[in-house]
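Okay, so here's the structure we're looking at.
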Amino acid sequence: MPTEKIYDTQPHKYDFTANVLSCEQKEGGFEVTLDKTAFFHEGGGQECDTGKIGDARVSYVYEKDGTVYHVCDKAASGEALCSVDAAPRFSRMQNHSAEHIVSGIIHSLFGYDNVGFHLGDDRVTLDINGKLGKDDIERVELLANEAVWKNLPVRVKYISPDETEKTEYRYKKEIEGRIRVVTIEGVDSCACCAPHVERTGEIGMIKLVDPMNYKGGTRVFMLAGDKAFADYSERYRQTREISVMLSAKQGEICDAVRRLAAELEKEKAALSEKKKEIASYIVKEAVQTSGEKIIFVSDLDGGSIRRVVNACVERDGALCALFSLSARGGYDYMISGGGIDLRALAQDINKSFDARGGGNAQAISGHINDTEDAIRSYFAQRTDKRDN
Ligand SMILES: [Zn+2]
């Protein structure tokens, strides 16, 4: 027997009394049917409602042949006080009704259809089977919000299969039995099984964000109702924090960041020059002495490290190991010279320091996450070993 759906006429009735018609223990829990229900079963891109039937917790709801099954953690019987978790359900109604408005406007302006609707936790995904530019999306967004401001009624009507031909609505498919059509006056009519707000004013606001090309059409994300409010609040919090950090008015943070980025570029260029100077100073110092060199410096870039090591090795061919303190901690290194196959040394360093490094017989490089003392003592021991 088909279950009477309370949300067809009273979408905001979350608490209701119903008679338990059957309760069957199955693998996933107790499956309860009622003479009428306010619980929405999942479908049409929307999750099912949760809530309570008497003392039993309803975790899943589905429909089969017109009957709604409530999957509960306990058995239920007789006349039961039931309640649907109102906040998530209202949020879904806000966002689903908003989706109908947006899809309806896109359909009437461009003739495109929404071919993929997903109502996620933080936003709604819409896949439109046609290309929409930035201006198109802004136009749709404005018209959608105007439909909200007009506080239009949303009506649910069942039509019989022989009425489908003479009725205009989106999402026409061959469906057996009567068809539920949700109409937003002057904006959209669409076949849909889900509960919707009573009037569009309840949606509050509709925002379309992050459009992208997708499978030859357009994917766009939508925030409406409580999700739009949560998003605005979070963006406001971040904007305010950034404006304080930049000492700039909230409306001028982009200009402030651009100025900062330009200054940073200048500073980076100056720093790079300084590093080159330091590198040539280190080279001058290092080539004064002959023999094996273990040099520690702070924060030299890869190019400068190579210049120093190559200059030292060129002087007398002795081994030169340069360790540059890295911003991520530990030391970047390059080792060359000494007339030995350095690949074995790289392997030994990797083993001794749990490090990453390698190269060829003439030059090795890598990263060691340890202290200068530990690295110096490793090389001191190596010298001892070689002397023996
Ligand atoms: Zn729908």
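By convention here, the chains of the structure tokens are called A, B, ... in the order presented, each chain's residues are numbered starting at 1, and ligands are numbered starting at 1 in the order presented.
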Next on the checklist: Around ligand 1, which protein and nucleic acid residues have at least one atom no more than 12 Å from it, if we count only C-alpha atoms and all ligand atoms? List them as an MDAnalysis selection string.
Outcome noted: chainID A and resid 42:47 92:104 114:119 126 154 156 169:171 180:184 188:197
Next on the checklist: With DSSP run on the backbone, what are the helix (DSSP H, G or I) residues within range 50-130 of chain A? I'd like them as a ChimeraX atom specification.
Outcome noted: /A:86-110
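Pairwise distance (CA of Glu31 in chain A, CA of Tyr69 in chain A) equals 5.9 Å.
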Next on the checklist: From a backbone DSSP assignment, name each residue in range 42-153 of chain A labelled strand (DSSP E), as an NGL selection string.
Outcome noted: :A and (51-53 or 56-64 or 67-72 or 79-84 or 114-119 or 124-128)
Now that the selection is made, can you save its residues with N, CA and C atoms as a compact mmCIF listing (two decimals), in the first residue's frame?
```txt
# COMPACT_ATOMS: atom_id res chain seq x y z
N GLY A 51 15.84 10.63 11.83
CA GLY A 51 15.00 11.11 12.93
C GLY A 51 14.59 9.98 13.84
N LYS A 52 13.35 10.05 14.37
CA LYS A 52 12.92 9.03 15.33
C LYS A 52 11.48 8.58 15.07
N ILE A 53 11.24 7.32 15.30
CA ILE A 53 9.87 6.78 15.35
C ILE A 53 9.75 6.21 16.76
N ALA A 56 12.78 4.61 18.62
CA ALA A 56 13.70 4.04 17.64
C ALA A 56 14.32 5.13 16.76
N ARG A 57 15.61 5.00 16.53
CA ARG A 57 16.34 5.95 15.70
C ARG A 57 16.21 5.52 14.24
N VAL A 58 15.83 6.45 13.37
CA VAL A 58 15.71 6.15 11.94
C VAL A 58 17.00 6.59 11.25
N SER A 59 17.73 5.63 10.68
CA SER A 59 19.01 5.98 10.06
C SER A 59 18.95 5.97 8.53
N TYR A 60 17.94 5.30 7.99
CA TYR A 60 17.86 5.19 6.53
C TYR A 60 16.40 5.02 6.13
N VAL A 61 16.04 5.64 5.01
CA VAL A 61 14.65 5.56 4.53
C VAL A 61 14.68 5.29 3.03
N TYR A 62 13.91 4.33 2.60
CA TYR A 62 13.82 4.09 1.16
C TYR A 62 12.39 3.78 0.75
N GLU A 63 12.15 3.90 -0.54
CA GLU A 63 10.79 3.65 -1.04
C GLU A 63 10.81 2.49 -2.02
N LYS A 64 9.80 1.63 -1.92
CA LYS A 64 9.67 0.55 -2.90
C LYS A 64 8.20 0.38 -3.23
N THR A 67 5.65 2.29 -1.20
CA THR A 67 5.71 2.15 0.26
C THR A 67 7.06 2.67 0.78
N VAL A 68 6.99 3.46 1.85
CA VAL A 68 8.21 4.02 2.42
C VAL A 68 8.65 3.13 3.60
N TYR A 69 9.91 2.67 3.55
CA TYR A 69 10.46 1.82 4.61
C TYR A 69 11.46 2.64 5.44
N HIS A 70 11.27 2.60 6.77
CA HIS A 70 12.14 3.34 7.69
C HIS A 70 13.02 2.32 8.39
N VAL A 71 14.34 2.42 8.21
CA VAL A 71 15.25 1.46 8.84
C VAL A 71 15.63 2.00 10.22
N CYS A 72 15.25 1.24 11.27
CA CYS A 72 15.40 1.71 12.65
C CYS A 72 16.33 0.80 13.45
N GLU A 79 0.64 3.21 17.80
CA GLU A 79 0.66 4.61 17.38
C GLU A 79 1.97 5.21 17.89
N ALA A 80 2.72 5.83 17.03
CA ALA A 80 4.04 6.32 17.44
C ALA A 80 4.19 7.81 17.16
N LEU A 81 4.85 8.49 18.12
CA LEU A 81 5.23 9.89 17.89
C LEU A 81 6.52 9.87 17.06
N CYS A 82 6.50 10.58 15.97
CA CYS A 82 7.65 10.53 15.06
C CYS A 82 8.20 11.94 14.88
N SER A 83 9.53 12.02 14.65
CA SER A 83 10.10 13.34 14.36
C SER A 83 11.26 13.21 13.37
N VAL A 84 11.22 14.10 12.41
CA VAL A 84 12.29 14.16 11.39
C VAL A 84 13.32 15.16 11.88
N ASN A 114 19.89 20.28 -16.68
CA ASN A 114 20.78 19.87 -15.59
C ASN A 114 20.82 18.34 -15.63
N VAL A 115 21.97 17.79 -16.03
CA VAL A 115 22.05 16.33 -16.21
C VAL A 115 22.74 15.63 -15.04
N GLY A 116 23.20 16.41 -14.05
CA GLY A 116 23.84 15.79 -12.88
C GLY A 116 23.66 16.70 -11.69
N PHE A 117 22.82 16.26 -10.75
CA PHE A 117 22.55 17.08 -9.57
C PHE A 117 22.99 16.30 -8.36
N HIS A 118 23.87 16.91 -7.55
CA HIS A 118 24.26 16.25 -6.32
C HIS A 118 24.22 17.24 -5.17
N LEU A 119 23.43 16.89 -4.16
CA LEU A 119 23.29 17.78 -3.00
C LEU A 119 24.30 17.32 -1.95
N VAL A 124 26.10 22.33 -3.58
CA VAL A 124 25.36 21.52 -4.54
C VAL A 124 26.12 21.55 -5.87
N THR A 125 26.23 20.41 -6.52
CA THR A 125 26.88 20.34 -7.82
C THR A 125 25.82 20.27 -8.92
N LEU A 126 25.96 21.14 -9.93
CA LEU A 126 25.05 21.11 -11.07
C LEU A 126 25.86 20.88 -12.34
N ASP A 127 25.50 19.88 -13.11
CA ASP A 127 26.15 19.64 -14.40
C ASP A 127 25.17 19.99 -15.51
N ILE A 128 25.52 21.04 -16.26
CA ILE A 128 24.64 21.54 -17.31
C ILE A 128 25.17 21.05 -18.66
```
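Nearest to Ser290 in chain A of all the residues A:Lys13, A:Arg315, A:Lys207, A:Arg89 is A:Arg315, based on only C-alpha atoms.
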Item to check | Exercise: range 230-234 of chain A partners within 12 Å, only C-alpha atoms, chain neighbours under 2 positions left out, as a PyMOL selection string | outcome: chain A and resi 91+121-123+205-209+222-228+236-241
Checklist entry - Restricting the calculation to only C-alpha atoms, which member of A:Ala144, A:Leu325, A:Leu152, A:Ala318 is positioned closest to Val287 in chain A? => result A:Ala318
Checklist entry - Which residue, A:Val283, A:Arg328, A:Ile335, A:Val140, has the smallest gap to His107 in chain A when you use only C-alpha atoms? => result A:Val140
